[in-house]
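See below for structure-v5.txt, which holds compact mmCIF, C-alpha atoms and all ligand atoms.
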# COMPACT_ATOMS: atom_id res chain seq x y z
CA MET A 1 20.22 33.96 -16.28
CA PRO A 2 18.18 37.00 -15.09
CA VAL A 3 14.63 37.13 -16.41
CA SER A 4 13.51 40.52 -17.62
CA ASP A 5 9.81 41.39 -17.98
CA GLY A 6 10.53 41.99 -21.65
CA ASP A 7 11.10 38.24 -22.11
CA ILE A 8 7.72 37.19 -20.74
CA VAL A 9 4.81 36.66 -23.13
CA VAL A 10 2.11 39.08 -22.03
CA ARG A 11 -0.63 38.52 -24.62
CA LEU A 12 -1.61 36.83 -27.87
CA ALA A 13 -1.66 38.80 -31.12
CA ALA A 14 -4.66 38.60 -33.48
CA ARG A 15 -3.12 35.74 -35.48
CA GLY A 16 -2.24 33.80 -32.34
CA ASP A 17 1.47 34.60 -31.89
CA GLY A 18 2.66 35.29 -28.35
CA VAL A 19 3.79 38.89 -27.78
CA THR A 20 6.54 39.57 -25.24
CA GLY A 21 6.68 42.53 -22.86
CA ASP A 22 9.20 44.18 -25.19
CA GLY A 23 7.00 43.62 -28.24
CA ARG A 24 8.49 40.53 -29.93
CA PHE A 25 6.09 38.16 -31.74
CA VAL A 26 6.80 34.49 -31.01
CA ALA A 27 4.87 31.74 -32.81
CA GLY A 28 3.75 28.94 -30.51
CA ALA A 29 4.17 30.91 -27.27
CA ALA A 30 1.42 31.31 -24.66
CA PRO A 31 0.88 34.14 -22.16
CA GLY A 32 3.20 33.56 -19.19
CA ASP A 33 5.86 31.73 -21.26
CA ARG A 34 9.41 33.02 -21.08
CA ILE A 35 11.48 33.44 -24.23
CA ALA A 36 15.11 32.48 -23.66
CA ALA A 37 18.03 34.35 -25.27
CA ASP A 38 18.30 31.64 -27.95
CA GLY A 39 14.58 32.00 -28.78
CA ALA A 40 13.50 28.81 -26.96
CA ILE A 41 10.03 28.91 -25.39
CA LEU A 42 10.07 28.08 -21.67
CA PRO A 43 6.45 27.15 -20.91
CA GLY A 44 4.56 29.02 -18.23
CA ALA A 45 1.32 28.32 -16.37
CA HIS A 46 -0.98 28.90 -19.39
CA HIS A 47 0.95 26.71 -21.83
CA GLN A 48 -0.78 23.38 -22.38
CA ALA A 49 0.14 20.31 -24.38
CA PRO A 50 -1.78 20.54 -27.70
CA PRO A 51 -4.22 17.61 -27.78
CA CYS A 52 -3.92 16.96 -31.52
CA ARG A 53 -0.97 15.46 -33.38
CA HIS A 54 -1.67 17.74 -36.36
CA PHE A 55 -1.14 20.95 -34.37
CA PRO A 56 0.27 23.43 -35.42
CA GLU A 57 0.55 22.17 -38.99
CA CYS A 58 -3.20 21.94 -39.64
CA GLY A 59 -4.88 25.25 -40.41
CA GLY A 60 -8.01 24.28 -38.43
CA CYS A 61 -6.59 25.36 -35.05
CA GLN A 62 -4.10 28.06 -34.09
CA LEU A 63 -4.33 28.09 -30.29
CA GLN A 64 -4.28 24.51 -28.97
CA HIS A 65 -1.14 25.34 -26.98
CA VAL A 66 -2.94 27.79 -24.66
CA ASP A 67 -5.23 26.84 -21.79
CA ASP A 68 -8.88 27.89 -21.61
CA ALA A 69 -8.16 30.87 -19.34
CA ALA A 70 -5.63 32.31 -21.81
CA TYR A 71 -7.92 31.52 -24.74
CA ALA A 72 -10.82 33.33 -23.05
CA ASP A 73 -8.56 36.34 -22.36
CA TYR A 74 -7.51 36.31 -26.02
CA LEU A 75 -11.16 36.55 -27.15
CA LYS A 76 -11.81 39.44 -24.75
CA ASP A 77 -8.58 41.23 -25.78
CA ARG A 78 -9.46 41.01 -29.46
CA ILE A 79 -12.78 42.75 -28.81
CA ALA A 80 -11.35 45.35 -26.43
CA SER A 81 -8.51 46.27 -28.79
CA ALA A 82 -10.84 46.53 -31.82
CA LEU A 83 -13.06 48.91 -29.82
CA ALA A 84 -10.03 50.87 -28.58
CA ALA A 85 -8.82 51.27 -32.17
CA GLN A 86 -12.12 53.08 -32.83
CA GLY A 87 -11.64 55.24 -29.74
CA LEU A 88 -14.37 53.42 -27.82
CA ALA A 89 -14.00 52.77 -24.09
CA PRO A 90 -14.28 49.09 -23.20
CA PRO A 91 -17.80 48.20 -22.10
CA GLU A 92 -18.51 45.23 -19.84
CA ILE A 93 -16.93 42.33 -21.75
CA ARG A 94 -18.40 39.21 -20.23
CA THR A 95 -16.75 35.87 -19.61
CA PRO A 96 -16.50 34.19 -23.02
CA HIS A 97 -18.57 31.15 -23.78
CA LEU A 98 -16.26 28.41 -25.14
CA SER A 99 -17.68 25.55 -27.16
CA PRO A 100 -16.37 22.17 -25.96
CA PRO A 101 -14.02 20.00 -28.03
CA ARG A 102 -15.65 17.85 -30.74
CA SER A 103 -18.71 20.08 -31.09
CA ARG A 104 -18.18 21.65 -34.56
CA ARG A 105 -21.11 20.65 -36.77
CA ARG A 106 -19.93 22.19 -40.05
CA ALA A 107 -16.67 21.61 -41.87
CA GLN A 108 -15.26 22.22 -45.31
CA LEU A 109 -12.56 19.64 -46.02
CA LYS A 110 -10.32 19.28 -49.05
CA ALA A 111 -9.27 15.99 -50.64
CA ALA A 112 -6.64 15.09 -53.24
CA GLY A 113 -4.78 11.93 -54.11
CA GLY A 114 -5.80 9.88 -51.06
CA VAL A 115 -5.41 12.63 -48.44
CA ILE A 116 -8.24 14.57 -46.84
CA GLY A 117 -8.38 17.29 -44.21
CA PHE A 118 -8.06 21.03 -43.69
CA ASN A 119 -5.41 22.99 -45.55
CA ALA A 120 -2.17 23.67 -43.74
CA GLU A 121 -1.92 27.15 -42.22
CA GLY A 122 -1.47 29.73 -45.00
CA SER A 123 -1.12 27.10 -47.73
CA HIS A 124 -3.08 24.92 -50.17
CA ARG A 125 -1.34 21.79 -48.91
CA ILE A 126 -3.83 19.39 -47.32
CA VAL A 127 -3.00 17.98 -43.90
CA ASP A 128 -4.20 14.37 -43.91
CA MET A 129 -6.62 14.23 -40.99
CA ARG A 130 -6.06 11.19 -38.75
CA GLU A 131 -7.61 12.76 -35.68
CA CYS A 132 -9.59 15.92 -35.00
CA HIS A 133 -10.50 17.47 -31.67
CA VAL A 134 -12.95 20.04 -32.99
CA LEU A 135 -15.27 18.11 -35.33
CA ARG A 136 -18.38 16.34 -34.07
CA PRO A 137 -17.79 12.56 -34.13
CA GLU A 138 -20.54 12.18 -36.76
CA LEU A 139 -18.44 14.31 -39.13
CA PHE A 140 -15.06 12.83 -38.22
CA ASP A 141 -16.40 9.29 -38.75
CA LEU A 142 -16.81 10.12 -42.44
CA VAL A 143 -13.21 11.22 -42.96
CA ALA A 144 -11.68 7.74 -43.43
CA PRO A 145 -14.44 6.50 -45.81
CA LEU A 146 -14.13 9.71 -47.83
CA ARG A 147 -10.34 9.29 -48.03
CA ARG A 148 -10.91 5.88 -49.59
CA MET A 149 -13.62 7.07 -51.96
CA LEU A 150 -12.26 10.42 -53.17
CA THR A 151 -9.27 9.69 -55.33
CA GLY A 152 -9.16 12.98 -57.27
CA ARG A 153 -9.21 16.61 -56.16
CA ALA A 154 -12.48 17.41 -54.37
CA GLY A 155 -14.10 19.39 -51.61
CA ALA A 156 -16.27 17.83 -48.92
CA ALA A 157 -18.68 20.19 -47.15
CA MET A 158 -20.28 18.49 -44.15
CA THR A 159 -23.12 19.79 -42.01
CA LEU A 160 -24.86 17.95 -39.22
CA ALA A 161 -28.59 18.28 -39.92
CA ASP A 162 -31.52 16.94 -37.86
CA GLN A 163 -31.50 13.70 -39.89
CA GLY A 164 -27.71 13.13 -39.90
CA VAL A 165 -24.82 14.37 -42.01
CA ASP A 166 -25.57 16.46 -45.08
CA LEU A 167 -22.59 15.91 -47.41
CA LEU A 168 -21.86 18.04 -50.46
CA LEU A 169 -19.01 16.85 -52.66
CA GLU A 170 -17.49 19.60 -54.80
CA GLY A 171 -15.60 18.86 -57.99
CA VAL A 172 -17.18 15.41 -58.20
CA SER A 173 -19.53 14.23 -60.92
CA ALA A 174 -21.34 10.93 -61.37
CA GLU A 175 -20.59 9.75 -64.86
CA GLY A 176 -22.74 6.78 -65.70
CA LEU A 177 -25.00 4.52 -63.72
CA ALA A 178 -22.24 2.58 -62.00
CA GLN A 179 -20.74 5.72 -60.44
CA ALA A 180 -24.14 7.00 -59.42
CA GLU A 181 -24.88 3.65 -57.74
CA ALA A 182 -21.51 3.69 -55.97
CA LEU A 183 -22.26 7.15 -54.60
CA THR A 184 -25.75 6.30 -53.39
CA GLY A 185 -24.32 3.07 -51.94
CA PHE A 186 -21.84 5.23 -49.98
CA ALA A 187 -24.71 7.42 -48.75
CA ARG A 188 -26.73 4.39 -47.66
CA THR A 189 -23.81 2.62 -45.96
CA HIS A 190 -22.91 5.73 -43.97
CA ARG A 191 -26.53 6.68 -43.27
CA LEU A 192 -26.13 10.14 -44.76
CA ALA A 193 -29.07 12.50 -44.47
CA ARG A 194 -28.26 13.85 -47.91
CA LEU A 195 -25.57 13.45 -50.54
CA SER A 196 -25.17 16.09 -53.23
CA LEU A 197 -22.62 16.72 -55.94
CA ASP A 198 -21.44 20.02 -57.31
CA ASP A 199 -19.25 19.73 -60.38
CA GLY A 200 -19.34 23.45 -61.07
CA TYR A 201 -23.00 23.81 -62.08
CA GLY A 202 -24.53 24.04 -58.60
CA PRO A 203 -25.43 21.31 -56.10
CA GLN A 204 -27.45 18.32 -57.32
CA THR A 205 -29.00 16.00 -54.79
CA MET A 206 -28.23 12.29 -55.29
CA TRP A 207 -29.65 10.94 -52.05
CA GLU A 208 -32.12 12.37 -49.54
CA PRO A 209 -34.40 9.72 -48.06
CA GLU A 210 -36.36 12.34 -46.13
CA PRO A 211 -36.33 16.13 -46.38
CA VAL A 212 -33.30 17.53 -44.57
CA THR A 213 -33.98 20.12 -41.88
CA ALA A 214 -32.21 22.14 -39.20
CA THR A 215 -34.25 22.86 -36.09
CA LEU A 216 -33.90 26.48 -34.99
CA GLY A 217 -35.76 27.83 -31.97
CA GLY A 218 -37.65 24.52 -31.86
CA VAL A 219 -38.90 24.91 -35.46
CA PRO A 220 -37.63 22.57 -38.22
CA VAL A 221 -36.49 24.58 -41.25
CA PRO A 222 -35.61 23.02 -44.63
CA LEU A 223 -31.81 23.11 -44.97
CA PRO A 224 -30.71 24.47 -48.37
CA HIS A 225 -27.33 23.46 -49.77
CA ASN A 226 -24.50 25.62 -48.43
CA ALA A 227 -26.81 27.44 -46.01
CA PHE A 228 -25.32 29.21 -43.04
CA LEU A 229 -25.66 27.55 -39.62
CA GLN A 230 -23.80 28.60 -36.47
CA ALA A 231 -20.69 26.43 -36.08
CA THR A 232 -21.76 24.59 -32.93
CA ALA A 233 -25.15 23.94 -31.32
CA ASP A 234 -24.01 25.22 -27.93
CA GLY A 235 -22.43 28.32 -29.51
CA GLU A 236 -25.77 28.96 -31.19
CA ALA A 237 -27.53 28.56 -27.82
CA ALA A 238 -25.11 31.06 -26.22
CA LEU A 239 -25.68 33.59 -29.02
CA VAL A 240 -29.45 33.13 -28.85
CA ALA A 241 -29.46 33.57 -25.04
CA ALA A 242 -27.45 36.80 -25.35
CA VAL A 243 -29.70 38.12 -28.13
CA ARG A 244 -32.83 37.33 -26.12
CA GLU A 245 -31.41 39.13 -23.12
CA ALA A 246 -30.43 42.08 -25.32
CA VAL A 247 -33.89 42.56 -26.83
CA GLY A 248 -35.58 42.07 -23.43
CA GLU A 249 -39.32 42.56 -23.49
CA ALA A 250 -39.48 43.83 -27.08
CA ARG A 251 -42.38 42.22 -28.94
CA LEU A 252 -41.87 43.74 -32.38
CA VAL A 253 -38.36 42.94 -33.55
CA ALA A 254 -36.43 43.17 -36.83
CA ASP A 255 -33.88 40.41 -37.48
CA LEU A 256 -31.51 41.64 -40.21
CA PHE A 257 -29.26 39.16 -42.05
CA ALA A 258 -31.61 36.52 -40.67
CA GLY A 259 -30.30 33.45 -42.55
CA LEU A 260 -32.47 30.43 -41.79
CA GLY A 261 -33.89 32.14 -38.71
CA THR A 262 -31.52 31.26 -35.86
CA PHE A 263 -32.69 34.38 -34.02
CA ALA A 264 -36.03 35.12 -35.70
CA LEU A 265 -37.35 31.70 -34.65
CA SER A 266 -36.02 32.07 -31.10
CA LEU A 267 -37.61 35.41 -30.32
CA ARG A 268 -41.07 36.06 -28.93
CA GLY A 269 -43.67 38.35 -30.45
CA ARG A 270 -43.78 39.54 -34.04
CA VAL A 271 -40.59 39.33 -36.06
CA TYR A 272 -39.63 40.88 -39.39
CA ALA A 273 -36.74 38.86 -40.87
CA ALA A 274 -34.68 40.28 -43.77
CA GLU A 275 -32.18 38.13 -45.65
CA GLY A 276 -30.40 38.33 -49.00
CA ALA A 277 -29.90 34.65 -49.90
CA ARG A 278 -32.89 33.41 -51.87
CA ASP A 279 -32.70 29.77 -50.71
CA ALA A 280 -32.58 30.82 -47.07
CA VAL A 281 -35.55 33.14 -47.56
CA LEU A 282 -37.65 30.37 -49.13
CA ALA A 283 -36.68 27.97 -46.34
CA LEU A 284 -37.53 30.45 -43.60
CA LYS A 285 -40.81 31.37 -45.29
CA SER A 286 -41.88 27.75 -45.06
CA ALA A 287 -41.19 27.60 -41.30
CA ARG A 288 -44.29 27.27 -39.16
CA ARG A 289 -44.06 30.24 -36.89
CA GLU A 290 -46.88 32.67 -36.13
CA GLY A 291 -46.12 36.37 -36.50
CA LEU A 292 -43.06 35.97 -38.75
CA PHE A 293 -42.71 38.09 -41.88
CA VAL A 294 -39.79 37.20 -44.15
CA ASP A 295 -38.39 39.73 -46.63
CA HIS A 296 -35.98 38.90 -49.46
CA ARG A 297 -33.79 41.97 -49.34
CA ASP A 298 -30.23 42.98 -50.11
CA LEU A 299 -29.33 44.98 -47.01
CA PHE A 300 -26.14 46.35 -48.54
CA ARG A 301 -27.97 47.92 -51.47
CA ARG A 302 -31.28 48.53 -49.76
CA PRO A 303 -30.85 48.89 -45.98
CA LEU A 304 -33.94 49.60 -43.88
CA ASP A 305 -34.52 53.35 -43.68
CA ALA A 306 -35.12 55.22 -40.45
CA ALA A 307 -38.91 55.25 -40.93
CA GLU A 308 -39.00 51.48 -41.43
CA LEU A 309 -36.70 50.97 -38.45
CA GLY A 310 -38.80 53.26 -36.30
CA ARG A 311 -41.58 50.65 -36.15
CA PHE A 312 -39.47 48.20 -34.16
CA GLU A 313 -38.90 47.92 -30.43
CA ALA A 314 -35.58 46.19 -31.03
CA VAL A 315 -33.30 45.28 -33.93
CA VAL A 316 -31.11 42.19 -34.14
CA LEU A 317 -28.43 42.18 -36.81
CA ASP A 318 -25.93 39.47 -37.69
CA PRO A 319 -24.10 40.55 -40.84
CA PRO A 320 -21.30 38.70 -42.64
CA ARG A 321 -17.65 39.54 -41.85
CA ALA A 322 -17.85 42.80 -43.80
CA GLY A 323 -20.27 44.16 -41.20
CA ALA A 324 -23.26 46.41 -41.91
CA LYS A 325 -21.68 49.70 -43.03
CA GLU A 326 -24.67 50.70 -45.18
CA GLN A 327 -27.25 49.92 -42.49
CA MET A 328 -25.49 51.63 -39.60
CA PRO A 329 -26.05 55.34 -40.31
CA LEU A 330 -29.78 54.65 -40.73
CA LEU A 331 -29.92 52.58 -37.57
CA ALA A 332 -27.95 55.30 -35.78
CA VAL A 333 -30.52 58.02 -36.54
CA SER A 334 -33.55 55.77 -35.98
CA PRO A 335 -35.38 55.76 -32.65
CA VAL A 336 -34.89 51.97 -32.11
CA PRO A 337 -34.22 51.70 -28.36
CA ARG A 338 -32.35 48.36 -28.30
CA ILE A 339 -29.94 46.79 -30.72
CA ALA A 340 -28.41 43.31 -30.51
CA TYR A 341 -25.43 43.17 -32.85
CA VAL A 342 -24.07 39.66 -33.52
CA SER A 343 -20.65 39.69 -35.17
CA CYS A 344 -17.97 37.31 -36.40
CA ASN A 345 -15.45 40.13 -36.92
CA PRO A 346 -14.44 42.43 -34.05
CA ALA A 347 -12.95 45.00 -36.47
CA THR A 348 -16.15 45.64 -38.45
CA PHE A 349 -18.20 45.37 -35.25
CA ALA A 350 -16.09 48.14 -33.69
CA ARG A 351 -16.35 50.28 -36.84
CA ASP A 352 -20.15 49.93 -36.78
CA ALA A 353 -20.23 50.47 -32.99
CA ARG A 354 -18.47 53.80 -33.58
CA THR A 355 -21.31 54.90 -35.89
CA LEU A 356 -23.88 54.04 -33.23
CA ALA A 357 -21.82 55.66 -30.45
CA ASP A 358 -21.51 58.89 -32.45
CA ALA A 359 -25.33 59.02 -32.55
CA GLY A 360 -25.56 58.64 -28.78
CA CYS A 361 -26.08 54.88 -28.44
CA ARG A 362 -24.40 53.19 -25.50
CA LEU A 363 -22.65 49.82 -25.81
CA ASP A 364 -23.85 48.18 -22.60
CA TRP A 365 -22.05 44.84 -22.76
CA VAL A 366 -20.43 42.35 -25.09
CA GLN A 367 -20.76 38.58 -24.81
CA PRO A 368 -17.84 36.83 -26.58
CA VAL A 369 -18.51 33.34 -27.95
CA GLY A 370 -15.64 31.03 -28.90
CA GLN A 371 -17.48 28.48 -31.01
CA PHE A 372 -14.45 27.92 -33.25
CA ARG A 373 -12.48 26.56 -30.30
CA TRP A 374 -8.70 26.94 -30.55
CA SER A 375 -9.00 29.11 -33.65
CA THR A 376 -8.55 32.87 -34.02
CA HIS A 377 -12.24 33.36 -34.98
CA VAL A 378 -14.05 35.60 -32.52
CA GLU A 379 -17.84 35.80 -32.33
CA LEU A 380 -19.80 38.11 -30.11
CA VAL A 381 -23.11 39.72 -29.24
CA GLY A 382 -23.07 43.42 -28.33
CA ARG A 383 -26.07 45.14 -26.74
CA PHE A 384 -26.60 48.82 -27.57
CA SER A 385 -29.24 51.01 -25.98
CA ARG A 386 -30.41 54.53 -26.57
CA ALA A 387 -30.84 56.83 -23.62
C1 LIG A 401 -23.43 35.46 -40.29
S1 LIG A 401 -24.76 34.90 -41.29
C2 LIG A 401 -26.05 34.97 -40.07
C3 LIG A 401 -27.29 34.21 -40.40
C4 LIG A 401 -28.28 34.05 -39.25
N1 LIG A 401 -28.47 35.26 -38.50
C5 LIG A 401 -27.84 32.93 -38.33
O1 LIG A 401 -27.39 33.21 -37.22
O2 LIG A 401 -27.98 31.76 -38.69
C6 LIG A 401 -25.00 36.29 -42.31
C7 LIG A 401 -26.21 36.23 -43.21
O3 LIG A 401 -26.23 37.43 -43.98
C8 LIG A 401 -26.70 37.13 -45.28
N2 LIG A 401 -26.26 38.21 -46.17
C9 LIG A 401 -25.04 38.41 -46.67
N3 LIG A 401 -25.02 39.53 -47.42
C10 LIG A 401 -26.28 40.05 -47.36
C11 LIG A 401 -26.90 41.21 -47.93
N4 LIG A 401 -26.21 42.05 -48.71
N5 LIG A 401 -28.20 41.44 -47.66
C12 LIG A 401 -28.90 40.60 -46.87
N6 LIG A 401 -28.37 39.48 -46.32
C13 LIG A 401 -27.07 39.21 -46.56
C14 LIG A 401 -26.10 35.77 -45.56
O4 LIG A 401 -26.81 35.11 -46.60
C15 LIG A 401 -26.21 35.08 -44.21
O5 LIG A 401 -27.43 34.40 -44.10
Could you render the structure as structure tokens?
Ligand SMILES: C[S@@+](CC[C@H](N)C(=O)[O-])C[C@H]1O[C@@H](n2cnc3c(N)ncnc32)[C@H](O)[C@@H]1O
Amino acid sequence: MPVSDGDIVVRLAARGDGVTGDGRFVAGAAPGDRIAADGAILPGAHHQAPPCRHFPECGGCQLQHVDDAAYADYLKDRIASALAAQGLAPPEIRTPHLSPPRSRRRAQLKAAGGVIGFNAEGSHRIVDMRECHVLRPELFDLVAPLRRMLTGRAGAAMTLADQGVDLLLEGVSAEGLAQAEALTGFARTHRLARLSLDDGYGPQTMWEPEPVTATLGGVPVPLPHNAFLQATADGEAALVAAVREAVGEARLVADLFAGLGTFALSLRGRVYAAEGARDAVLALKSARREGLFVDHRDLFRRPLDAAELGRFEAVVLDPPRAGAKEQMPLLAVSPVPRIAYVSCNPATFARDARTLADAGCRLDWVQPVGQFRWSTHVELVGRFSRA
């Protein structure tokens, strides 16, 4: 049977489907695979055996069937095509940093009727997790005990803190002393750092033998419930290294959307940190770090104006998926010479990059970070400079 170029998978689409030379989308195909006339996938050099029995059913991973080289190309392609869609020429897109298997330190699992795991792709059905190749072992070790304990519908948010696992059970209440004792017994047996319940009225701590912290930039910061932390420690280190390179010698830096201070606490000199979540602001304010000023500020409603921005030698920003549409025009007309933009959404990054480019800023390089290994999440740091 002759093979036409149109039958070869040439790239991965945003949602992870293989795309053939003639534009067909094929679920489960990797770049280099050939699609036979009957639709069968004939594996090529970048097709690997998925390590997990739950793939592709489980919604946690979409790309376990592609090797690291194809996965890295996918991350770069997503960024390049988002920039191209905004009419921006591709800058230097560096080799992606990929977090290793079993390094994810945060997970939001669902439980119901004796099953626990991530939801199936595009569905509310829970895939009962018997193995996981992305979670840190400390988190995975709790899955079987939680399956036994959680009989009703519940959520289990797990975060690896300095002291161990911080577990927040959603949709669970402790009715009566016996239930409360059972829950604290569970926390003690499994050496949890903290156990909290949220039955719809906000998290309530049941167990926390010592104050729970996350160490960022070498500084322990109190860890509020549901606070944002980068998904893996090594992904965080890669983002921090890229941000530090991007700001260079700057000694007066603004960190916008600062969270608990992942970047603010890792930078030298004086840092102004702005953040909208009250708990995160209080936590960061209590961090022992000279020269740090923390501002509780809604940057969508009240972005920094050009005069405020003009005081800084560099600006770091790390907005949520929606990007920083309100902040960009002000940043664009400010004299700030260096901007490190950390993003978890190439589309809003590219939109915001367009605003900066229109004002004469140059996108020097982009460092992709694949900390959600085998998923379609793309994280990056982009460095902009003003001539
Ligand atoms: C992607 S997280 C980054 C946090 C931090 N830079 C880090 O790396 O750990 C985005 C942060 O933006 C904050 N945020 C979301 N909307 C905001 C707003 N309108 N104003 C200020 N901060 C906001 C969130 O609370 C969250 O801490």
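Here CA of Arg15 in chain A is placed at a distance of 22.5 Å from CA of Gly382 in chain A.
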Counting only C-alpha atoms, which residues sit no farther than 9 Å from the position (-37.3, 51.6, -34.1) in the file's frame? I'd like them as an NGL selection string. :A and (253-254 or 306-315 or 331 or 334-338)
Kindly work out which residues sit at most 6 Å from ligand LIG 401 (chain A), using all atoms listed in the file, and give the list as a VMD selection string. chain A and resid 228 to 230 257 to 262 275 to 277 297 to 300 318 to 320
Find the distance between CA of Ile79 in chain A and CA of His54 in chain A and write it in Å to one decimal.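 Between CA of Ile79 in chain A and CA of His54 in chain A the gap works out to 28.4 Å.
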Could you give me, as a ChimeraX atom specification, the residues that sit within 12 Å of (-19.4, 44.9, -31.5) in the file's coordinates, counting only C-alpha atoms? /A:76,78-84,86,88,90-93,317-319,321,323-324,339-357,362-368,378-384
What does the distance between CA of Asp67 in chain A and CA of Val243 in chain A come to in Å, to one decimal place? 27.7 Å
